[in-house]
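Below: entry-v1.csv (CSV, C-alpha atoms)
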chain,number,residue,atom,x,y,z
A,6,MET,CA,0.0,0.0,0.0
A,7,LEU,CA,2.8,2.4,0.8
A,8,ARG,CA,4.4,1.9,-2.6
A,9,VAL,CA,1.1,2.4,-4.4
A,10,LEU,CA,-0.5,5.2,-2.4
A,11,GLY,CA,2.7,6.9,-1.1
A,12,TRP,CA,3.1,8.7,2.2
A,13,ARG,CA,-0.6,9.6,2.4
A,14,SER,CA,-1.4,5.9,3.1
A,15,LEU,CA,0.1,6.5,6.6
A,16,LEU,CA,-2.8,8.8,7.3
A,17,ILE,CA,-5.3,6.0,6.9
A,18,HIS,CA,-2.9,3.3,8.3
A,19,GLY,CA,-4.3,3.6,11.9
A,20,ASP,CA,-7.6,4.8,13.4
A,21,PRO,CA,-9.7,7.4,11.6
A,22,CYS,CA,-8.6,10.2,14.0
A,23,VAL,CA,-5.1,10.2,12.6
A,24,LEU,CA,-6.3,12.1,9.5
A,25,ASP,CA,-7.9,14.7,11.8
A,26,ARG,CA,-4.6,15.4,13.5
A,27,TRP,CA,-2.8,15.8,10.2
A,28,LEU,CA,-5.4,18.2,8.9
A,29,TRP,CA,-4.7,20.4,12.0
A,30,LEU,CA,-1.0,19.9,11.7
A,31,ARG,CA,-0.7,21.0,8.1
A,32,ARG,CA,-2.3,24.4,9.1
A,33,HIS,CA,0.4,25.0,11.7
A,34,LEU,CA,3.6,23.2,10.7
A,35,ARG,CA,6.4,25.5,9.5
A,36,MET,CA,7.7,24.5,6.1
A,37,GLY,CA,11.2,24.3,4.9
A,38,GLY,CA,14.6,25.0,6.5
A,39,VAL,CA,13.5,24.5,10.2
A,40,ARG,CA,14.3,21.8,12.7
A,41,THR,CA,11.4,19.6,13.9
A,42,PHE,CA,11.2,17.1,16.8
A,43,ASP,CA,8.4,14.5,16.7
A,44,ALA,CA,8.0,13.4,20.3
A,45,GLY,CA,6.3,10.1,20.1
A,46,CYS,CA,6.4,9.6,16.4
A,47,GLY,CA,4.3,6.4,16.1
A,48,ASN,CA,4.3,5.1,12.5
A,49,ALA,CA,6.3,8.2,11.5
A,50,GLY,CA,3.6,9.6,9.3
A,51,PHE,CA,3.9,13.1,10.7
A,52,SER,CA,7.7,12.9,10.7
A,53,ILE,CA,7.7,11.9,7.0
A,54,TYR,CA,5.3,14.7,6.2
A,55,ALA,CA,7.5,17.2,7.9
A,56,ALA,CA,10.6,15.9,6.2
A,57,ARG,CA,8.8,16.1,2.8
A,58,ALA,CA,8.0,19.7,3.7
A,59,GLY,CA,11.7,20.5,3.9
A,60,ASN,CA,12.2,20.1,7.7
A,61,GLU,CA,15.2,18.6,9.3
A,62,VAL,CA,13.5,16.0,11.6
A,63,SER,CA,14.3,14.1,14.7
A,64,ALA,CA,11.7,11.4,15.4
A,65,ALA,CA,11.6,9.7,18.8
A,66,SER,CA,9.9,6.6,20.1
A,67,PHE,CA,10.6,4.2,22.9
A,68,SER,CA,10.1,1.1,20.7
A,69,PRO,CA,13.1,-0.2,18.7
A,70,ASP,CA,10.7,-2.3,16.5
A,71,GLU,CA,8.5,0.7,15.8
A,72,GLN,CA,11.5,2.8,14.9
A,73,GLU,CA,12.9,0.1,12.6
A,74,ALA,CA,9.5,-0.1,10.8
A,75,ALA,CA,9.5,3.7,10.5
A,76,ARG,CA,12.9,3.7,9.0
A,77,ARG,CA,11.8,1.2,6.4
A,78,ARG,CA,8.8,3.3,5.5
A,79,ALA,CA,11.0,6.3,5.0
A,80,ASP,CA,13.4,4.3,2.8
A,81,VAL,CA,10.5,2.9,0.7
A,82,LEU,CA,9.3,6.5,0.1
A,83,GLY,CA,12.7,7.8,-0.6
A,84,VAL,CA,12.4,10.4,2.3
A,85,THR,CA,15.6,11.6,3.8
A,86,GLY,CA,16.4,14.1,6.6
A,87,ILE,CA,14.9,12.1,9.5
A,88,ASP,CA,17.0,11.1,12.5
A,89,PHE,CA,15.2,8.2,14.1
A,90,ARG,CA,15.9,8.1,17.8
A,91,THR,CA,14.9,5.3,20.2
A,92,LEU,CA,14.5,6.9,23.6
A,93,ASP,CA,12.2,7.2,26.5
A,94,LEU,CA,10.5,10.6,26.6
A,95,ARG,CA,10.4,10.4,30.4
A,96,GLU,CA,14.2,10.7,30.3
A,97,LEU,CA,14.3,13.4,27.6
A,98,ASP,CA,16.6,15.7,29.6
A,99,ASP,CA,19.4,13.1,29.3
A,100,TYR,CA,19.3,13.5,25.5
A,101,ARG,CA,19.1,17.3,25.3
A,102,ASP,CA,22.7,17.8,24.3
A,103,SER,CA,22.7,15.3,21.5
A,104,LEU,CA,19.3,16.4,20.2
A,105,GLY,CA,19.9,20.1,20.2
A,106,VAL,CA,17.2,22.8,19.9
A,107,PHE,CA,14.2,22.9,17.5
A,108,ASP,CA,12.0,25.4,15.8
A,109,GLN,CA,9.0,23.3,16.3
A,110,ILE,CA,8.0,20.2,18.2
A,111,ILE,CA,5.1,17.8,17.4
A,112,CYS,CA,3.7,15.9,20.4
A,113,PHE,CA,0.5,14.1,19.5
A,114,GLU,CA,-1.4,11.8,21.8
A,115,THR,CA,1.5,11.3,24.1
A,116,ILE,CA,1.3,13.3,27.3
A,117,GLU,CA,-1.7,11.3,28.5
A,118,HIS,CA,0.6,8.2,28.7
A,119,VAL,CA,3.0,9.9,31.1
A,120,ASN,CA,2.5,10.5,34.8
A,121,ASP,CA,4.9,13.5,34.9
A,122,ASP,CA,3.2,15.4,32.1
A,123,GLU,CA,4.4,18.7,33.5
A,124,GLY,CA,8.0,17.5,33.4
A,125,LEU,CA,7.6,16.3,29.8
A,126,VAL,CA,6.0,19.5,28.5
A,127,ARG,CA,8.7,21.6,30.4
A,128,SER,CA,11.4,19.5,28.8
A,129,LEU,CA,9.9,20.0,25.3
A,130,ALA,CA,9.6,23.7,25.9
A,131,GLY,CA,13.2,23.8,26.9
A,132,MET,CA,14.2,22.3,23.6
A,133,LEU,CA,12.5,25.1,21.6
A,134,GLU,CA,14.3,28.1,20.2
A,135,PRO,CA,12.8,31.4,21.3
A,136,GLY,CA,9.7,31.9,19.3
A,137,GLY,CA,9.5,28.1,18.5
A,138,ARG,CA,6.2,26.3,18.7
A,139,LEU,CA,4.9,23.2,20.4
A,140,LEU,CA,2.1,21.5,18.5
A,141,LEU,CA,0.3,19.4,20.9
A,142,THR,CA,-2.8,17.2,20.9
A,143,THR,CA,-4.3,15.1,23.7
A,144,PRO,CA,-7.7,13.7,24.7
A,145,PHE,CA,-10.3,16.1,25.9
A,146,ASP,CA,-11.6,15.1,29.3
A,147,GLY,CA,-15.2,15.7,28.2
A,148,HIS,CA,-15.2,13.2,25.4
A,149,ARG,CA,-17.4,10.1,25.5
A,150,PRO,CA,-15.4,6.9,26.1
A,151,LEU,CA,-14.4,5.0,23.0
A,152,TYR,CA,-15.0,1.3,22.7
A,153,SER,CA,-12.8,-0.5,25.3
A,154,GLU,CA,-11.5,2.8,26.7
A,155,GLU,CA,-11.3,3.1,30.5
A,156,ARG,CA,-12.9,6.2,32.1
A,157,TYR,CA,-10.5,5.9,35.0
A,158,PRO,CA,-7.3,4.4,33.7
A,159,SER,CA,-4.6,2.9,35.9
A,160,PRO,CA,-1.7,5.3,36.8
A,161,VAL,CA,0.8,2.5,36.0
A,162,GLU,CA,2.9,3.6,33.0
A,163,ASP,CA,2.6,0.4,30.9
A,164,GLY,CA,2.2,2.1,27.5
A,165,SER,CA,-1.6,2.7,27.9
A,166,HIS,CA,-3.2,5.9,29.1
A,167,VAL,CA,-2.6,7.0,32.7
A,168,ARG,CA,-5.3,9.7,32.5
A,169,TYR,CA,-8.5,10.0,30.6
A,170,GLY,CA,-8.0,13.5,29.3
A,171,TYR,CA,-7.6,17.2,29.9
A,172,SER,CA,-9.8,20.2,30.2
A,173,GLN,CA,-8.9,23.3,28.1
A,174,GLU,CA,-7.9,25.1,31.3
A,175,GLN,CA,-5.7,22.2,32.5
A,176,LEU,CA,-3.9,22.0,29.1
A,177,ARG,CA,-3.5,25.8,29.0
A,178,GLN,CA,-2.0,25.8,32.5
A,179,LEU,CA,0.4,23.0,31.5
A,180,ALA,CA,1.7,25.0,28.5
A,181,GLU,CA,1.9,28.3,30.4
A,182,GLY,CA,3.7,26.6,33.3
A,183,ALA,CA,6.4,25.5,30.9
A,184,GLY,CA,6.9,29.0,29.6
A,185,LEU,CA,4.8,28.8,26.5
A,186,GLU,CA,2.2,31.4,25.3
A,187,VAL,CA,-0.9,29.7,24.0
A,188,ALA,CA,-1.3,31.0,20.5
A,189,SER,CA,-4.3,28.9,19.5
A,190,GLU,CA,-6.4,26.0,20.7
A,191,THR,CA,-9.3,24.0,19.2
A,192,PHE,CA,-11.0,20.7,19.3
A,193,ILE,CA,-10.5,17.9,16.7
A,194,SER,CA,-12.2,14.5,15.9
A,195,GLY,CA,-15.9,14.8,16.2
A,196,VAL,CA,-18.7,12.3,16.2
A,197,VAL,CA,-18.0,10.7,12.8
A,198,SER,CA,-14.3,10.0,13.5
A,199,GLN,CA,-15.2,8.7,16.9
A,200,LYS,CA,-17.9,6.3,15.7
A,201,LEU,CA,-15.6,5.0,12.9
A,202,THR,CA,-12.9,4.4,15.5
A,203,ASP,CA,-15.4,2.6,17.7
A,204,LEU,CA,-16.4,0.4,14.7
A,205,MET,CA,-12.8,-0.3,13.8
A,206,ARG,CA,-12.0,-1.4,17.4
A,207,ARG,CA,-15.0,-3.7,17.6
A,208,LEU,CA,-14.3,-5.3,14.2
A,209,THR,CA,-10.6,-5.7,15.2
A,210,GLY,CA,-11.6,-7.6,18.3
A,211,ARG,CA,-13.8,-10.0,16.2
A,212,LEU,CA,-12.1,-10.2,12.9
A,213,GLY,CA,-8.6,-9.0,13.3
A,214,ARG,CA,-7.0,-5.6,12.3
A,215,PRO,CA,-6.5,-6.2,8.5
A,216,VAL,CA,-10.1,-7.2,8.0
A,217,ALA,CA,-11.4,-4.4,10.2
A,218,TRP,CA,-9.3,-1.8,8.3
A,219,VAL,CA,-10.7,-3.0,4.9
A,220,LEU,CA,-14.3,-2.9,6.1
A,221,VAL,CA,-14.0,0.6,7.6
A,222,LEU,CA,-12.0,2.1,4.7
A,223,PRO,CA,-15.1,2.7,2.4
A,224,LEU,CA,-16.7,4.6,5.3
A,225,ARG,CA,-13.8,7.0,5.9
A,226,PRO,CA,-15.1,9.6,3.4
A,227,LEU,CA,-17.9,10.3,5.8
A,228,VAL,CA,-15.5,12.5,7.7
A,229,VAL,CA,-16.5,15.3,5.4
A,230,VAL,CA,-19.7,15.7,7.4
A,231,ASP,CA,-17.9,15.4,10.7
A,232,ALA,CA,-17.8,19.1,11.6
A,233,PRO,CA,-21.4,20.0,10.8
A,234,LEU,CA,-22.8,16.9,12.3
A,235,THR,CA,-20.8,17.3,15.5
A,236,LYS,CA,-22.0,20.8,15.8
A,237,MET,CA,-25.6,19.9,15.1
A,238,LEU,CA,-25.6,17.1,17.7
A,239,ARG,CA,-23.5,19.0,20.2
A,240,TYR,CA,-21.4,15.9,20.4
A,241,PRO,CA,-18.1,16.4,22.4
A,242,HIS,CA,-14.9,16.2,20.5
A,243,LEU,CA,-12.3,13.6,21.2
A,244,CYS,CA,-9.2,15.7,21.5
A,245,ILE,CA,-7.8,19.2,22.2
A,246,ALA,CA,-5.2,20.7,19.9
A,247,LEU,CA,-3.0,23.4,21.2
A,248,ARG,CA,-0.3,25.6,19.7
A,249,GLY,CA,2.1,27.0,22.2
A,250,VAL,CA,4.9,29.5,21.4
A,251,LYS,CA,8.0,29.9,23.5
A,252,ARG,CA,8.0,33.3,25.1
A,253,SER,CA,10.4,36.2,24.3
A,254,GLU,CA,9.4,36.8,20.8
A,255,ARG,CA,6.2,38.1,19.3
A,256,VAL,CA,3.5,35.4,18.6
A,257,ASP,CA,2.5,35.3,15.0
A,258,ASP,CA,0.4,33.2,12.8
Show the structure stored in the file as structure tokens.
Amino acid sequence: MLRVLGWRSLLIHGDPCVLDRWLWLRRHLRMGGVRTFDAGCGNAGFSIYAARAGNEVSAASFSPDEQEAARRRADVLGVTGIDFRTLDLRELDDYRDSLGVFDQIICFETIEHVNDDEGLVRSLAGMLEPGGRLLLTTPFDGHRPLYSEERYPSPVEDGSHVRYGYSQEQLRQLAEGAGLEVASETFISGVVSQKLTDLMRRLTGRLGRPVAWVLVLPLRPLVVVDAPLTKMLRYPHLCIALRGVKRSERVDD
């Protein structure tokens, strides 16, 4: 699929909400000639997108297997300029010297996995150049539980969530406490994306992931009605997306 559809196939590789995050990312990612750190890069779809946009990218994950798969994807696509790092974000300060500083940092769906979220956001902010931006998404604490999701997750850091989500105020305080000025915030992933994710999870449990993916794929274009339907139904969004800018320079768009 990667060879046939190219890098965009990574946007439909996982759950339907991945596309929502990319649509927000492309509105805020700086293009060309800047250094970007992807903190918790997953399948590397966003890292590859940033590299294709001309960024010099460092992509971090704690999983060696995940990083090796990401390297292979980049090689297949002929994408260069990505430094894949296997590291634990909870120990990020130990890697500060080797990583350097960045113009922007992507941190999507990560802080809810870490008990010391304040420490992580503070470390990320410390890696930004003055005026640099942190692009952050995380679950909204007012969302309705997805299929198999725990409303009160265990605080044990085992790779799953340690908290259900954040309010807008909590996330804003987290960013401001790390020395960032909140330049913008919004909600992403409405009712359609969530229902498709629920369906994919249910089908995965019964039929396996490949079959579930194939069955849900024809339904994905329904996301075009996600925003108006979510507004009409007053359905809570799944995630909050925040853009924070390191203080000392004027915030611009």
Can you tell me, as a list in words, what residues are no more than 6 Å from stretch 59-75 of chain A when counting all atoms listed in the file, ignoring any on the same chain fewer than 5 positions away?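 Answer for this query is Gly37, Gly38, Val39, Arg40, Thr41, Phe42, Asp43, Ala44, Gly45, Cys46, Asn48, Ala49, Gly86, Ile87, Asp88, Phe89, Arg90, Thr91, Leu92 and Asp93 of chain A.
Between atom CA of A:Val221 and atom CA of A:Val196 the separation is 15.3 Å.
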What gap, in Å, lies between atom CA of A:Gly210 and atom CA of A:Ser153?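 Separating atom CA of A:Gly210 from atom CA of A:Ser153 is a distance of 10.0 Å.
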Please provide the set of residues having any atom within 6 Å of A:Leu243, restricted to all atoms listed in the file, with same-chain residues fewer than 2 positions apart removed, written as a ChimeraX atom specification. /A:144-145,148,194
Kindly give the distance, in Å, that separates atom CA of A:Thr235 and atom CA of A:Gly195, rounded to a single decimal.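 Those two atoms sit 5.5 Å apart.
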For each of A:Ile53, A:Val229, A:Val81, A:Val250, take the minimum atom-to-atom distance to A:Leu15, counting only C-alpha atoms, then give the residue where this is smallest. A:Ile53
Selected residue of minimal separation from A:Val228 among A:His33, A:Lys200, A:Arg57, A:Arg149, counting all atoms listed in the file: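 Among the listed residues, A:Lys200 lies closest to A:Val228.
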Stretch 144-156 of chain A rebuilt with N, CA, C and O atoms, output as a PDB file, in the frame of the given file:
ATOM      1  N   PRO A 144      -6.226  13.835  24.485  1.00  0.00           N
ATOM      2  CA  PRO A 144      -7.700  13.700  24.700  1.00  0.00           C
ATOM      3  C   PRO A 144      -8.300  14.760  25.538  1.00  0.00           C
ATOM      4  O   PRO A 144      -7.707  15.241  26.500  1.00  0.00           O
ATOM      5  N   PHE A 145      -9.516  15.116  25.168  1.00  0.00           N
ATOM      6  CA  PHE A 145     -10.300  16.100  25.900  1.00  0.00           C
ATOM      7  C   PHE A 145     -11.072  15.298  27.014  1.00  0.00           C
ATOM      8  O   PHE A 145     -11.648  14.232  26.766  1.00  0.00           O
ATOM      9  N   ASP A 146     -11.040  15.822  28.239  1.00  0.00           N
ATOM     10  CA  ASP A 146     -11.600  15.100  29.300  1.00  0.00           C
ATOM     11  C   ASP A 146     -13.151  14.996  29.304  1.00  0.00           C
ATOM     12  O   ASP A 146     -13.767  14.237  30.055  1.00  0.00           O
ATOM     13  N   GLY A 147     -13.748  15.755  28.384  1.00  0.00           N
ATOM     14  CA  GLY A 147     -15.200  15.700  28.200  1.00  0.00           C
ATOM     15  C   GLY A 147     -15.685  14.793  27.146  1.00  0.00           C
ATOM     16  O   GLY A 147     -16.895  14.730  26.885  1.00  0.00           O
ATOM     17  N   HIS A 148     -14.763  14.040  26.517  1.00  0.00           N
ATOM     18  CA  HIS A 148     -15.200  13.200  25.400  1.00  0.00           C
ATOM     19  C   HIS A 148     -15.908  11.920  25.982  1.00  0.00           C
ATOM     20  O   HIS A 148     -15.734  11.553  27.148  1.00  0.00           O
ATOM     21  N   ARG A 149     -16.691  11.296  25.138  1.00  0.00           N
ATOM     22  CA  ARG A 149     -17.400  10.100  25.500  1.00  0.00           C
ATOM     23  C   ARG A 149     -16.407   8.888  25.315  1.00  0.00           C
ATOM     24  O   ARG A 149     -15.690   8.858  24.306  1.00  0.00           O
ATOM     25  N   PRO A 150     -16.366   7.953  26.248  1.00  0.00           N
ATOM     26  CA  PRO A 150     -15.400   6.900  26.100  1.00  0.00           C
ATOM     27  C   PRO A 150     -15.540   6.097  24.811  1.00  0.00           C
ATOM     28  O   PRO A 150     -16.657   5.763  24.401  1.00  0.00           O
ATOM     29  N   LEU A 151     -14.425   5.866  24.149  1.00  0.00           N
ATOM     30  CA  LEU A 151     -14.400   5.000  23.000  1.00  0.00           C
ATOM     31  C   LEU A 151     -14.581   3.560  23.397  1.00  0.00           C
ATOM     32  O   LEU A 151     -14.411   3.225  24.576  1.00  0.00           O
ATOM     33  N   TYR A 152     -14.892   2.734  22.448  1.00  0.00           N
ATOM     34  CA  TYR A 152     -15.000   1.300  22.700  1.00  0.00           C
ATOM     35  C   TYR A 152     -13.761   0.764  23.370  1.00  0.00           C
ATOM     36  O   TYR A 152     -12.665   0.996  22.861  1.00  0.00           O
ATOM     37  N   SER A 153     -13.873   0.111  24.484  1.00  0.00           N
ATOM     38  CA  SER A 153     -12.800  -0.500  25.300  1.00  0.00           C
ATOM     39  C   SER A 153     -11.966   0.499  26.059  1.00  0.00           C
ATOM     40  O   SER A 153     -11.024   0.115  26.754  1.00  0.00           O
ATOM     41  N   GLU A 154     -12.295   1.783  25.981  1.00  0.00           N
ATOM     42  CA  GLU A 154     -11.500   2.800  26.700  1.00  0.00           C
ATOM     43  C   GLU A 154     -11.978   2.854  28.170  1.00  0.00           C
ATOM     44  O   GLU A 154     -13.173   2.822  28.469  1.00  0.00           O
ATOM     45  N   GLU A 155     -11.032   2.977  29.076  1.00  0.00           N
ATOM     46  CA  GLU A 155     -11.300   3.100  30.500  1.00  0.00           C
ATOM     47  C   GLU A 155     -11.512   4.538  30.908  1.00  0.00           C
ATOM     48  O   GLU A 155     -10.679   5.381  30.600  1.00  0.00           O
ATOM     49  N   ARG A 156     -12.618   4.783  31.599  1.00  0.00           N
ATOM     50  CA  ARG A 156     -12.900   6.200  32.100  1.00  0.00           C
ATOM     51  C   ARG A 156     -11.927   6.557  33.173  1.00  0.00           C
ATOM     52  O   ARG A 156     -11.586   7.732  33.307  1.00  0.00           O
TER      53      ARG A 156
END
